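Novice: As input, take structure_1.pdb (PDB, C-alpha atoms and all ligand atoms):
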```pdb
ATOM      1  CA  MET P   1       0.000   0.000   0.000  1.00  0.00           C
ATOM      2  CA  MET P   2       1.220   3.509  -0.823  1.00  0.00           C
ATOM      3  CA  THR P   3       2.310   5.603   2.173  1.00  0.00           C
ATOM      4  CA  LYS P   4      -0.056   8.535   2.580  1.00  0.00           C
ATOM      5  CA  LEU P   5       1.444  11.937   1.765  1.00  0.00           C
ATOM      6  CA  THR P   6      -0.422  15.141   2.644  1.00  0.00           C
ATOM      7  CA  PHE P   7       0.775  18.574   1.589  1.00  0.00           C
ATOM      8  CA  TYR P   8      -0.354  21.659   3.533  1.00  0.00           C
ATOM      9  CA  THR P   9       0.116  24.861   1.631  1.00  0.00           C
ATOM     10  CA  ASN P  10      -1.159  28.187   0.423  1.00  0.00           C
ATOM     11  CA  PRO P  11      -0.676  28.838  -3.301  1.00  0.00           C
ATOM     12  CA  MET P  12       0.775  32.284  -2.563  1.00  0.00           C
ATOM     13  CA  SER P  13       3.586  31.112  -0.318  1.00  0.00           C
ATOM     14  CA  ARG P  14       6.900  29.301  -0.094  1.00  0.00           C
ATOM     15  CA  GLY P  15       4.719  26.211  -0.466  1.00  0.00           C
ATOM     16  CA  ARG P  16       5.386  26.645  -4.204  1.00  0.00           C
ATOM     17  CA  ILE P  17       8.909  25.357  -3.584  1.00  0.00           C
ATOM     18  CA  ALA P  18       7.616  22.218  -1.874  1.00  0.00           C
ATOM     19  CA  ARG P  19       5.005  21.717  -4.630  1.00  0.00           C
ATOM     20  CA  TRP P  20       7.752  21.832  -7.273  1.00  0.00           C
ATOM     21  CA  MET P  21       9.710  19.220  -5.316  1.00  0.00           C
ATOM     22  CA  LEU P  22       6.613  17.037  -4.909  1.00  0.00           C
ATOM     23  CA  GLU P  23       5.944  17.180  -8.642  1.00  0.00           C
ATOM     24  CA  GLU P  24       9.569  16.230  -9.375  1.00  0.00           C
ATOM     25  CA  THR P  25       9.229  13.077  -7.264  1.00  0.00           C
ATOM     26  CA  GLY P  26       6.132  11.887  -9.109  1.00  0.00           C
ATOM     27  CA  ALA P  27       4.599  10.990  -5.725  1.00  0.00           C
ATOM     28  CA  ASP P  28       0.848  10.864  -5.184  1.00  0.00           C
ATOM     29  CA  TYR P  29      -0.127  13.472  -2.640  1.00  0.00           C
ATOM     30  CA  GLU P  30      -3.217  15.082  -1.220  1.00  0.00           C
ATOM     31  CA  THR P  31      -3.211  18.894  -1.014  1.00  0.00           C
ATOM     32  CA  VAL P  32      -4.766  20.801   1.883  1.00  0.00           C
ATOM     33  CA  LEU P  33      -5.038  24.522   1.143  1.00  0.00           C
ATOM     34  CA  LEU P  34      -4.939  26.853   4.109  1.00  0.00           C
ATOM     35  CA  HIS P  35      -5.900  30.506   4.203  1.00  0.00           C
ATOM     36  CA  TYR P  36      -3.612  32.912   5.995  1.00  0.00           C
ATOM     37  CA  GLY P  37      -4.893  33.805   9.450  1.00  0.00           C
ATOM     38  CA  PRO P  38      -7.353  31.665  11.427  1.00  0.00           C
ATOM     39  CA  GLU P  39      -6.949  28.493   9.351  1.00  0.00           C
ATOM     40  CA  MET P  40      -3.160  28.421   9.752  1.00  0.00           C
ATOM     41  CA  GLN P  41      -3.585  29.308  13.427  1.00  0.00           C
ATOM     42  CA  SER P  42      -6.208  26.625  14.159  1.00  0.00           C
ATOM     43  CA  ASP P  43      -5.483  23.977  16.788  1.00  0.00           C
ATOM     44  CA  ASP P  44      -5.648  21.293  14.094  1.00  0.00           C
ATOM     45  CA  TYR P  45      -2.926  22.911  12.042  1.00  0.00           C
ATOM     46  CA  LYS P  46      -0.902  23.951  15.097  1.00  0.00           C
ATOM     47  CA  ALA P  47      -0.661  20.240  15.893  1.00  0.00           C
ATOM     48  CA  ILE P  48       1.101  19.805  12.537  1.00  0.00           C
ATOM     49  CA  ASN P  49       3.205  22.967  12.578  1.00  0.00           C
ATOM     50  CA  PRO P  50       3.356  24.890  15.852  1.00  0.00           C
ATOM     51  CA  MET P  51       4.962  27.709  13.831  1.00  0.00           C
ATOM     52  CA  MET P  52       1.551  28.099  12.133  1.00  0.00           C
ATOM     53  CA  LYS P  53       3.263  28.436   8.786  1.00  0.00           C
ATOM     54  CA  VAL P  54       3.136  26.662   5.446  1.00  0.00           C
ATOM     55  CA  PRO P  55       4.348  24.530   3.845  1.00  0.00           C
ATOM     56  CA  ALA P  56       4.301  21.267   5.749  1.00  0.00           C
ATOM     57  CA  ILE P  57       4.028  17.663   4.655  1.00  0.00           C
ATOM     58  CA  VAL P  58       2.884  14.623   6.574  1.00  0.00           C
ATOM     59  CA  HIS P  59       4.255  11.378   5.143  1.00  0.00           C
ATOM     60  CA  GLY P  60       3.508   8.034   6.760  1.00  0.00           C
ATOM     61  CA  GLY P  61       2.410   9.864   9.898  1.00  0.00           C
ATOM     62  CA  LYS P  62       5.622  11.915  10.189  1.00  0.00           C
ATOM     63  CA  THR P  63       5.632  15.673   9.762  1.00  0.00           C
ATOM     64  CA  VAL P  64       8.271  17.672   7.927  1.00  0.00           C
ATOM     65  CA  THR P  65       8.256  21.464   7.926  1.00  0.00           C
ATOM     66  CA  GLU P  66      10.718  24.015   6.499  1.00  0.00           C
ATOM     67  CA  CYS P  67      11.061  24.099   2.721  1.00  0.00           C
ATOM     68  CA  GLY P  68      14.707  23.065   2.732  1.00  0.00           C
ATOM     69  CA  ALA P  69      13.988  20.060   4.942  1.00  0.00           C
ATOM     70  CA  ILE P  70      10.943  19.108   2.858  1.00  0.00           C
ATOM     71  CA  CYS P  71      13.026  19.129  -0.344  1.00  0.00           C
ATOM     72  CA  ALA P  72      15.848  17.136   1.255  1.00  0.00           C
ATOM     73  CA  TYR P  73      13.429  14.665   2.850  1.00  0.00           C
ATOM     74  CA  LEU P  74      11.483  14.037  -0.368  1.00  0.00           C
ATOM     75  CA  ALA P  75      14.698  13.583  -2.348  1.00  0.00           C
ATOM     76  CA  GLU P  76      15.565  10.687  -0.055  1.00  0.00           C
ATOM     77  CA  ALA P  77      12.043   9.319   0.359  1.00  0.00           C
ATOM     78  CA  PHE P  78      11.675   9.066  -3.444  1.00  0.00           C
ATOM     79  CA  PRO P  79      15.171   8.068  -4.614  1.00  0.00           C
ATOM     80  CA  ASP P  80      14.001   7.101  -8.110  1.00  0.00           C
ATOM     81  CA  ALA P  81      13.652  10.804  -8.899  1.00  0.00           C
ATOM     82  CA  GLY P  82      17.463  11.039  -8.683  1.00  0.00           C
ATOM     83  CA  LEU P  83      17.423  14.325  -6.772  1.00  0.00           C
ATOM     84  CA  ALA P  84      19.312  13.281  -3.624  1.00  0.00           C
ATOM     85  CA  PRO P  85      23.040  14.023  -3.710  1.00  0.00           C
ATOM     86  CA  LEU P  86      25.597  11.472  -4.854  1.00  0.00           C
ATOM     87  CA  PRO P  87      28.430  10.991  -2.347  1.00  0.00           C
ATOM     88  CA  GLU P  88      30.672  13.443  -4.196  1.00  0.00           C
ATOM     89  CA  GLU P  89      27.862  16.045  -4.284  1.00  0.00           C
ATOM     90  CA  ARG P  90      27.079  15.955  -0.566  1.00  0.00           C
ATOM     91  CA  ALA P  91      29.479  18.673   0.525  1.00  0.00           C
ATOM     92  CA  ASP P  92      27.983  21.240  -1.846  1.00  0.00           C
ATOM     93  CA  TYR P  93      24.466  19.975  -1.262  1.00  0.00           C
ATOM     94  CA  TYR P  94      24.430  20.315   2.524  1.00  0.00           C
ATOM     95  CA  ARG P  95      26.536  23.441   2.535  1.00  0.00           C
ATOM     96  CA  TRP P  96      24.261  25.388   0.193  1.00  0.00           C
ATOM     97  CA  MET P  97      20.932  23.956   1.376  1.00  0.00           C
ATOM     98  CA  PHE P  98      21.713  25.068   4.925  1.00  0.00           C
ATOM     99  CA  PHE P  99      23.166  28.354   3.722  1.00  0.00           C
ATOM    100  CA  ALA P 100      19.959  29.154   1.858  1.00  0.00           C
ATOM    101  CA  ALA P 101      17.730  28.091   4.756  1.00  0.00           C
ATOM    102  CA  GLY P 102      19.728  29.961   7.397  1.00  0.00           C
ATOM    103  CA  PRO P 103      21.821  32.960   6.397  1.00  0.00           C
ATOM    104  CA  TRP P 104      20.090  33.718   3.125  1.00  0.00           C
ATOM    105  CA  GLU P 105      16.478  33.426   4.348  1.00  0.00           C
ATOM    106  CA  GLN P 106      17.292  35.727   7.288  1.00  0.00           C
ATOM    107  CA  ALA P 107      19.363  38.199   5.273  1.00  0.00           C
ATOM    108  CA  SER P 108      16.813  38.526   2.491  1.00  0.00           C
ATOM    109  CA  THR P 109      13.833  38.810   4.861  1.00  0.00           C
ATOM    110  CA  ASN P 110      15.560  41.429   6.975  1.00  0.00           C
ATOM    111  CA  ARG P 111      16.528  43.367   3.869  1.00  0.00           C
ATOM    112  CA  ALA P 112      12.939  43.290   2.567  1.00  0.00           C
ATOM    113  CA  MET P 113      11.775  44.707   5.923  1.00  0.00           C
ATOM    114  CA  GLY P 114      14.401  47.426   5.871  1.00  0.00           C
ATOM    115  CA  PHE P 115      16.378  45.986   8.789  1.00  0.00           C
ATOM    116  CA  ASN P 116      20.168  46.072   8.531  1.00  0.00           C
ATOM    117  CA  VAL P 117      22.488  44.492  11.069  1.00  0.00           C
ATOM    118  CA  PRO P 118      24.423  47.308  12.770  1.00  0.00           C
ATOM    119  CA  SER P 119      28.051  46.858  11.661  1.00  0.00           C
ATOM    120  CA  GLU P 120      29.264  46.515  15.249  1.00  0.00           C
ATOM    121  CA  HIS P 121      26.948  43.469  15.648  1.00  0.00           C
ATOM    122  CA  SER P 122      27.695  41.688  12.369  1.00  0.00           C
ATOM    123  CA  GLY P 123      29.851  39.176  14.257  1.00  0.00           C
ATOM    124  CA  MET P 124      26.787  38.066  16.235  1.00  0.00           C
ATOM    125  CA  ALA P 125      24.432  37.795  13.257  1.00  0.00           C
ATOM    126  CA  GLY P 126      24.605  34.353  11.639  1.00  0.00           C
ATOM    127  CA  TYR P 127      24.699  35.939   8.214  1.00  0.00           C
ATOM    128  CA  GLY P 128      27.063  38.789   9.055  1.00  0.00           C
ATOM    129  CA  ASP P 129      25.615  41.326   6.696  1.00  0.00           C
ATOM    130  CA  PHE P 130      23.396  41.334   3.638  1.00  0.00           C
ATOM    131  CA  GLU P 131      26.059  42.222   1.045  1.00  0.00           C
ATOM    132  CA  ARG P 132      28.381  39.418   2.098  1.00  0.00           C
ATOM    133  CA  THR P 133      25.538  36.898   2.130  1.00  0.00           C
ATOM    134  CA  LEU P 134      24.306  37.986  -1.299  1.00  0.00           C
ATOM    135  CA  ALA P 135      27.796  37.829  -2.808  1.00  0.00           C
ATOM    136  CA  THR P 136      28.293  34.340  -1.368  1.00  0.00           C
ATOM    137  CA  LEU P 137      24.942  33.055  -2.641  1.00  0.00           C
ATOM    138  CA  THR P 138      25.432  34.350  -6.163  1.00  0.00           C
ATOM    139  CA  SER P 139      29.040  33.107  -6.331  1.00  0.00           C
ATOM    140  CA  ILE P 140      27.859  29.478  -6.101  1.00  0.00           C
ATOM    141  CA  LEU P 141      27.021  29.436  -9.793  1.00  0.00           C
ATOM    142  CA  ASP P 142      30.194  31.200 -10.962  1.00  0.00           C
ATOM    143  CA  ASP P 143      31.861  27.957 -12.027  1.00  0.00           C
ATOM    144  CA  ARG P 144      29.043  25.434 -12.440  1.00  0.00           C
ATOM    145  CA  PRO P 145      25.636  25.005 -14.069  1.00  0.00           C
ATOM    146  CA  HIS P 146      23.944  23.584 -10.939  1.00  0.00           C
ATOM    147  CA  ILE P 147      24.295  24.033  -7.178  1.00  0.00           C
ATOM    148  CA  CYS P 148      26.153  20.734  -6.779  1.00  0.00           C
ATOM    149  CA  GLY P 149      28.040  20.806 -10.088  1.00  0.00           C
ATOM    150  CA  ASP P 150      26.890  19.257 -13.358  1.00  0.00           C
ATOM    151  CA  ARG P 151      23.656  17.662 -12.224  1.00  0.00           C
ATOM    152  CA  PHE P 152      20.222  18.994 -11.181  1.00  0.00           C
ATOM    153  CA  THR P 153      19.424  17.993  -7.562  1.00  0.00           C
ATOM    154  CA  ALA P 154      16.925  18.987  -4.878  1.00  0.00           C
ATOM    155  CA  ALA P 155      19.338  21.816  -4.013  1.00  0.00           C
ATOM    156  CA  ASP P 156      18.447  23.434  -7.335  1.00  0.00           C
ATOM    157  CA  ILE P 157      14.811  23.385  -6.285  1.00  0.00           C
ATOM    158  CA  TYR P 158      15.369  24.896  -2.859  1.00  0.00           C
ATOM    159  CA  VAL P 159      18.405  27.150  -3.359  1.00  0.00           C
ATOM    160  CA  GLY P 160      17.351  27.835  -6.947  1.00  0.00           C
ATOM    161  CA  SER P 161      13.891  28.973  -5.844  1.00  0.00           C
ATOM    162  CA  GLN P 162      15.442  31.376  -3.364  1.00  0.00           C
ATOM    163  CA  ILE P 163      17.609  32.758  -6.164  1.00  0.00           C
ATOM    164  CA  ALA P 164      14.661  33.017  -8.546  1.00  0.00           C
ATOM    165  CA  TRP P 165      12.492  34.780  -5.956  1.00  0.00           C
ATOM    166  CA  GLY P 166      15.340  37.137  -5.051  1.00  0.00           C
ATOM    167  CA  VAL P 167      15.755  38.102  -8.710  1.00  0.00           C
ATOM    168  CA  GLN P 168      11.978  38.476  -9.119  1.00  0.00           C
ATOM    169  CA  PHE P 169      11.698  40.758  -6.071  1.00  0.00           C
ATOM    170  CA  GLY P 170      14.851  42.707  -6.917  1.00  0.00           C
ATOM    171  CA  THR P 171      16.930  41.567  -3.905  1.00  0.00           C
ATOM    172  CA  ILE P 172      19.348  39.748  -6.231  1.00  0.00           C
ATOM    173  CA  PRO P 173      20.750  41.408  -9.378  1.00  0.00           C
ATOM    174  CA  ALA P 174      19.414  39.779 -12.557  1.00  0.00           C
ATOM    175  CA  THR P 175      22.719  38.833 -14.197  1.00  0.00           C
ATOM    176  CA  PRO P 176      22.645  36.866 -17.484  1.00  0.00           C
ATOM    177  CA  ARG P 177      24.121  33.844 -15.679  1.00  0.00           C
ATOM    178  CA  LEU P 178      21.414  33.836 -13.001  1.00  0.00           C
ATOM    179  CA  LYS P 179      18.668  34.476 -15.547  1.00  0.00           C
ATOM    180  CA  ASP P 180      19.859  31.488 -17.564  1.00  0.00           C
ATOM    181  CA  TYR P 181      19.986  29.314 -14.416  1.00  0.00           C
ATOM    182  CA  ILE P 182      16.459  30.334 -13.421  1.00  0.00           C
ATOM    183  CA  SER P 183      15.081  29.680 -16.939  1.00  0.00           C
ATOM    184  CA  ARG P 184      16.540  26.191 -16.920  1.00  0.00           C
ATOM    185  CA  GLY P 185      14.701  25.418 -13.682  1.00  0.00           C
ATOM    186  CA  MET P 186      11.471  26.942 -14.931  1.00  0.00           C
ATOM    187  CA  ALA P 187      11.632  24.900 -18.129  1.00  0.00           C
ATOM    188  CA  ARG P 188      11.355  21.656 -16.182  1.00  0.00           C
ATOM    189  CA  PRO P 189       7.974  19.914 -16.667  1.00  0.00           C
ATOM    190  CA  ALA P 190       7.605  19.425 -12.900  1.00  0.00           C
ATOM    191  CA  PHE P 191       8.047  23.158 -12.290  1.00  0.00           C
ATOM    192  CA  GLN P 192       5.411  23.899 -14.898  1.00  0.00           C
ATOM    193  CA  ARG P 193       2.948  21.381 -13.461  1.00  0.00           C
ATOM    194  CA  ALA P 194       3.489  22.755  -9.953  1.00  0.00           C
ATOM    195  CA  THR P 195       3.010  26.336 -11.129  1.00  0.00           C
ATOM    196  CA  GLU P 196      -0.171  25.458 -13.015  1.00  0.00           C
ATOM    197  CA  LYS P 197      -1.620  23.764  -9.938  1.00  0.00           C
ATOM    198  CA  ASP P 198      -0.779  26.675  -7.633  1.00  0.00           C
ATOM    199  CA  ASP P 199      -1.902  29.310 -10.126  1.00  0.00           C
ATOM    200  CA  ALA P 200      -5.241  27.535 -10.457  1.00  0.00           C
ATOM    201  CA  GLU P 201      -5.798  27.868  -6.685  1.00  0.00           C
ATOM    202  CA  MET P 202      -4.778  31.506  -6.267  1.00  0.00           C
ATOM    203  CA  ASP P 203      -8.257  33.007  -6.117  1.00  0.00           C
ATOM    204  CA  GLY P 204      -9.137  33.887  -2.552  1.00  0.00           C
ATOM    205  CA  TYR P 205      -5.894  32.650  -0.981  1.00  0.00           C
ATOM    206  CA  GLY P 206      -3.845  35.863  -0.796  1.00  0.00           C
ATOM    207  CA  PRO P 207      -2.425  37.181   2.494  1.00  0.00           C
ATOM    208  CA  GLU P 208      -5.260  39.713   2.733  1.00  0.00           C
ATOM    209  CA  THR P 209      -8.042  37.227   1.991  1.00  0.00           C
ATOM    210  CA  PRO P 210      -9.905  35.725   4.941  1.00  0.00           C
ATOM    211  CA  PRO P 211     -11.473  32.265   4.606  1.00  0.00           C
ATOM    212  CA  ALA P 212     -14.886  32.371   2.952  1.00  0.00           C
ATOM    213  CA  ASN P 213     -16.642  31.363   6.197  1.00  0.00           C
ATOM    214  CA  ALA P 214     -14.801  33.907   8.413  1.00  0.00           C
TER     215      ALA P 214
HETATM  216  N1  LIG T 301      11.339  28.963   7.052  1.00  0.00           N
HETATM  217  C1  LIG T 301      10.021  28.576   6.621  1.00  0.00           C
HETATM  218  C2  LIG T 301       9.227  29.802   6.245  1.00  0.00           C
HETATM  219  C3  LIG T 301       7.749  29.509   6.142  1.00  0.00           C
HETATM  220  C4  LIG T 301       6.940  30.781   6.029  1.00  0.00           C
HETATM  221  O1  LIG T 301       7.343  31.859   6.498  1.00  0.00           O
HETATM  222  N2  LIG T 301       5.757  30.666   5.422  1.00  0.00           N
HETATM  223  C5  LIG T 301       4.880  31.810   5.310  1.00  0.00           C
HETATM  224  C6  LIG T 301       4.349  31.880   3.878  1.00  0.00           C
HETATM  225  S1  LIG T 301       5.620  32.116   2.690  1.00  0.00           S
HETATM  226  C7  LIG T 301       3.681  31.621   6.219  1.00  0.00           C
HETATM  227  O2  LIG T 301       3.180  30.531   6.378  1.00  0.00           O
HETATM  228  N3  LIG T 301       3.189  32.711   6.812  1.00  0.00           N
HETATM  229  C8  LIG T 301       1.990  32.703   7.599  1.00  0.00           C
HETATM  230  C9  LIG T 301       2.151  33.348   8.930  1.00  0.00           C
HETATM  231  O3  LIG T 301       3.274  33.424   9.443  1.00  0.00           O
HETATM  232  O4  LIG T 301       1.125  33.741   9.481  1.00  0.00           O
HETATM  233  C10 LIG T 301      10.125  27.587   5.440  1.00  0.00           C
HETATM  234  O5  LIG T 301      11.145  27.570   4.755  1.00  0.00           O
HETATM  235  O6  LIG T 301       9.217  26.784   5.237  1.00  0.00           O
END
```
Once you've parsed the file, please lay out its structure as structure tokens.
Specialist:
Amino acid sequence: MMTKLTFYTNPMSRGRIARWMLEETGADYETVLLHYGPEMQSDDYKAINPMMKVPAIVHGGKTVTECGAICAYLAEAFPDAGLAPLPEERADYYRWMFFAAGPWEQASTNRAMGFNVPSEHSGMAGYGDFERTLATLTSILDDRPHICGDRFTAADIYVGSQIAWGVQFGTIPATPRLKDYISRGMARPAFQRATEKDDAEMDGYGPETPPANA
């Protein structure tokens, strides 16, 4: 019997990264759409993610939250998709997955909110400062077509999505190299399927939209 896989998301959220990963695996999954606000803060959902955030997956009764962890978990749970790192790719894979989930997510969010680490405290901030973090992120692709080298892996879904969103929102400069990298990801059939599914659900799920029964 197939292990049950449930995906909790909102189509206007980082859940798009997890959806892309799910589509790459070819796994069967059930989608539960949550509105921002009361639905994400309900006791039922808090039992799944006490952070009250999407995305989350529940697979065989086990919960995984955090986009980076969801991508890494699914890559291993569905090895036939070939998206988990080969032994020689592991160093780059873990290094850049964690870099994107930690330093980059914090640096880019703080920048978007207009918060800059005071220079005298950059030693305490895990990402130091925005400029350094940005330069490090974009340098990954200076000498390779994918995050781990020659091959597309789950790191290209997670780190690549962060790069694509940064370019889209203007936090990351749109260099020809990055634009080419992003287009290669977007050309993948799984990305297109995921985008179609999320786009089809957008109506009524924005951050300002309360649930219909609220
Ligand atoms: N670090 C988390 C971030 C998750 C996150 O912030 N999700 C946002 C949507 S993009 C959310 O659920 N916000 C609802 C809220 O905080 O009320 C991840 O990578 O999954």
Novice: List all protein, DNA and RNA residues that have any atom at most 10 Å from ligand LIG 301 (chain T), counting all atoms listed in the file, and write the list as an MDAnalysis selection string.
Specialist: chainID P and resid 8:18 34:41 49 51:56 64:70 100:102 105:106 109 158 162 207
Novice: Could you save the residues just selected, with C-alpha atoms, as a PDB file, keeping the file's coordinate frame?
Specialist:
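After the write, again28.pdb holds the following:
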```pdb
ATOM      1  CA  TYR P   8      -0.354  21.659   3.533  1.00  0.00           C
ATOM      2  CA  THR P   9       0.116  24.861   1.631  1.00  0.00           C
ATOM      3  CA  ASN P  10      -1.159  28.187   0.423  1.00  0.00           C
ATOM      4  CA  PRO P  11      -0.676  28.838  -3.301  1.00  0.00           C
ATOM      5  CA  MET P  12       0.775  32.284  -2.563  1.00  0.00           C
ATOM      6  CA  SER P  13       3.586  31.112  -0.318  1.00  0.00           C
ATOM      7  CA  ARG P  14       6.900  29.301  -0.094  1.00  0.00           C
ATOM      8  CA  GLY P  15       4.719  26.211  -0.466  1.00  0.00           C
ATOM      9  CA  ARG P  16       5.386  26.645  -4.204  1.00  0.00           C
ATOM     10  CA  ILE P  17       8.909  25.357  -3.584  1.00  0.00           C
ATOM     11  CA  ALA P  18       7.616  22.218  -1.874  1.00  0.00           C
ATOM     12  CA  LEU P  34      -4.939  26.853   4.109  1.00  0.00           C
ATOM     13  CA  HIS P  35      -5.900  30.506   4.203  1.00  0.00           C
ATOM     14  CA  TYR P  36      -3.612  32.912   5.995  1.00  0.00           C
ATOM     15  CA  GLY P  37      -4.893  33.805   9.450  1.00  0.00           C
ATOM     16  CA  PRO P  38      -7.353  31.665  11.427  1.00  0.00           C
ATOM     17  CA  GLU P  39      -6.949  28.493   9.351  1.00  0.00           C
ATOM     18  CA  MET P  40      -3.160  28.421   9.752  1.00  0.00           C
ATOM     19  CA  GLN P  41      -3.585  29.308  13.427  1.00  0.00           C
ATOM     20  CA  ASN P  49       3.205  22.967  12.578  1.00  0.00           C
ATOM     21  CA  MET P  51       4.962  27.709  13.831  1.00  0.00           C
ATOM     22  CA  MET P  52       1.551  28.099  12.133  1.00  0.00           C
ATOM     23  CA  LYS P  53       3.263  28.436   8.786  1.00  0.00           C
ATOM     24  CA  VAL P  54       3.136  26.662   5.446  1.00  0.00           C
ATOM     25  CA  PRO P  55       4.348  24.530   3.845  1.00  0.00           C
ATOM     26  CA  ALA P  56       4.301  21.267   5.749  1.00  0.00           C
ATOM     27  CA  VAL P  64       8.271  17.672   7.927  1.00  0.00           C
ATOM     28  CA  THR P  65       8.256  21.464   7.926  1.00  0.00           C
ATOM     29  CA  GLU P  66      10.718  24.015   6.499  1.00  0.00           C
ATOM     30  CA  CYS P  67      11.061  24.099   2.721  1.00  0.00           C
ATOM     31  CA  GLY P  68      14.707  23.065   2.732  1.00  0.00           C
ATOM     32  CA  ALA P  69      13.988  20.060   4.942  1.00  0.00           C
ATOM     33  CA  ILE P  70      10.943  19.108   2.858  1.00  0.00           C
ATOM     34  CA  ALA P 100      19.959  29.154   1.858  1.00  0.00           C
ATOM     35  CA  ALA P 101      17.730  28.091   4.756  1.00  0.00           C
ATOM     36  CA  GLY P 102      19.728  29.961   7.397  1.00  0.00           C
ATOM     37  CA  GLU P 105      16.478  33.426   4.348  1.00  0.00           C
ATOM     38  CA  GLN P 106      17.292  35.727   7.288  1.00  0.00           C
ATOM     39  CA  THR P 109      13.833  38.810   4.861  1.00  0.00           C
ATOM     40  CA  TYR P 158      15.369  24.896  -2.859  1.00  0.00           C
ATOM     41  CA  GLN P 162      15.442  31.376  -3.364  1.00  0.00           C
ATOM     42  CA  PRO P 207      -2.425  37.181   2.494  1.00  0.00           C
TER      43      PRO P 207
END
```
Novice: Can you tell me which residues surround P:His59 at a distance of at most 12 Å, considering all atoms listed in the file, apart from same-chain residues fewer than 3 positions away, and format the answer as JSON, numbers by chain?
Specialist: {"P": [2, 3, 4, 5, 6, 7, 8, 22, 27, 28, 29, 30, 48, 56, 62, 63, 64, 65, 70, 73, 74, 77, 78]}
Novice: Smallest atom-to-atom distance to P:Met202: which of P:Ala112, P:Ile57, P:Met124, P:Leu33, using only C-alpha atoms?
Specialist: P:Leu33
Novice: Pick out the residues sitting within 10 Å of P:Leu86, and hand them over as a list in words; count all atoms listed in the file, and ignore anything fewer than 3 positions along from it in its own chain.
Specialist: Gly82, Leu83, Glu89, Arg90, Ala91, Tyr93, Cys148, Arg151 and Thr153 of chain P
Novice: Could those residues be written to a file, using C-alpha atoms, as a PDB file, in the frame of the given file?
Specialist:
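Generated output (out07.pdb):
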```pdb
ATOM      1  CA  GLY P  82      17.463  11.039  -8.683  1.00  0.00           C
ATOM      2  CA  LEU P  83      17.423  14.325  -6.772  1.00  0.00           C
ATOM      3  CA  GLU P  89      27.862  16.045  -4.284  1.00  0.00           C
ATOM      4  CA  ARG P  90      27.079  15.955  -0.566  1.00  0.00           C
ATOM      5  CA  ALA P  91      29.479  18.673   0.525  1.00  0.00           C
ATOM      6  CA  TYR P  93      24.466  19.975  -1.262  1.00  0.00           C
ATOM      7  CA  CYS P 148      26.153  20.734  -6.779  1.00  0.00           C
ATOM      8  CA  ARG P 151      23.656  17.662 -12.224  1.00  0.00           C
ATOM      9  CA  THR P 153      19.424  17.993  -7.562  1.00  0.00           C
TER      10      THR P 153
END
```
Novice: Could you state the separation of atom CA of P:Gly126 and atom CA of P:Ser108 in Å, given to one decimal place?
Specialist: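 Computing the Euclidean distance for atom CA of P:Gly126 and atom CA of P:Ser108 yields 12.7 Å.
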Novice: Just how far from atom CA of P:Arg19 is atom CA of P:Leu141, in Å to one decimal?
Specialist: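 Calculated distance between atom CA of P:Leu141 and atom CA of P:Arg19 is 23.9 Å.
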Novice: Quick one: distance from atom CA of P:Ala75 to atom CA of P:Ala164 in Å, one decimal?
Specialist: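 Separating atom CA of P:Ala75 from atom CA of P:Ala164 is a distance of 20.4 Å.
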Novice: Could the centre and edge lengths of an axis-aligned box, enclosing all atoms of stretch 74-78 of chain P in the file with 3 Å extra on each side, be given in Å to one decimal as AutoDock Vina command-line options?
Specialist:
```
--center_x 13.5 --center_y 11.6 --center_z -1.5 --size_x 10.1 --size_y 11.0 --size_z 9.8
```
Novice: Hey, which of P:Ser42, P:Pro79, P:Arg111, P:Thr25 ends up closest to P:Phe169? Count only C-alpha atoms.
Specialist: P:Arg111
Novice: Excluding same-chain residues fewer than 3 positions from stretch 186-193 of chain P, what lies within 6 Å of it counting only C-alpha atoms, as an MDAnalysis selection string?
Specialist: chainID P and resid 20 23:24 183 196
Novice: If you keep C-alpha atoms, can you produce a file of those selected residues as a PDB file, in the coordinates of the input?
Specialist:
```pdb
ATOM      1  CA  TRP P  20       7.752  21.832  -7.273  1.00  0.00           C
ATOM      2  CA  GLU P  23       5.944  17.180  -8.642  1.00  0.00           C
ATOM      3  CA  GLU P  24       9.569  16.230  -9.375  1.00  0.00           C
ATOM      4  CA  SER P 183      15.081  29.680 -16.939  1.00  0.00           C
ATOM      5  CA  GLU P 196      -0.171  25.458 -13.015  1.00  0.00           C
TER       6      GLU P 196
END
```
Novice: With only C-alpha atoms as the atoms that count, which of P:Ala135, P:Glu88, P:Glu201, P:Ala154 lies nearest to P:Glu76?
Specialist: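 Comparing P:Ala135, P:Glu88, P:Glu201, P:Ala154 against P:Glu76, the winner is P:Ala154.
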Novice: Neighbours of P:Arg132 within 12 Å (only C-alpha atoms; same-chain residues fewer than 3 positions away dropped), as a PDB file with C-alpha atoms, keeping the file's coordinate frame?
Specialist:
```pdb
ATOM      1  CA  PRO P 103      21.821  32.960   6.397  1.00  0.00           C
ATOM      2  CA  TRP P 104      20.090  33.718   3.125  1.00  0.00           C
ATOM      3  CA  ALA P 107      19.363  38.199   5.273  1.00  0.00           C
ATOM      4  CA  SER P 108      16.813  38.526   2.491  1.00  0.00           C
ATOM      5  CA  VAL P 117      22.488  44.492  11.069  1.00  0.00           C
ATOM      6  CA  SER P 122      27.695  41.688  12.369  1.00  0.00           C
ATOM      7  CA  ALA P 125      24.432  37.795  13.257  1.00  0.00           C
ATOM      8  CA  GLY P 126      24.605  34.353  11.639  1.00  0.00           C
ATOM      9  CA  TYR P 127      24.699  35.939   8.214  1.00  0.00           C
ATOM     10  CA  GLY P 128      27.063  38.789   9.055  1.00  0.00           C
ATOM     11  CA  ASP P 129      25.615  41.326   6.696  1.00  0.00           C
ATOM     12  CA  ALA P 135      27.796  37.829  -2.808  1.00  0.00           C
ATOM     13  CA  THR P 136      28.293  34.340  -1.368  1.00  0.00           C
ATOM     14  CA  LEU P 137      24.942  33.055  -2.641  1.00  0.00           C
ATOM     15  CA  THR P 138      25.432  34.350  -6.163  1.00  0.00           C
ATOM     16  CA  SER P 139      29.040  33.107  -6.331  1.00  0.00           C
TER      17      SER P 139
END
```
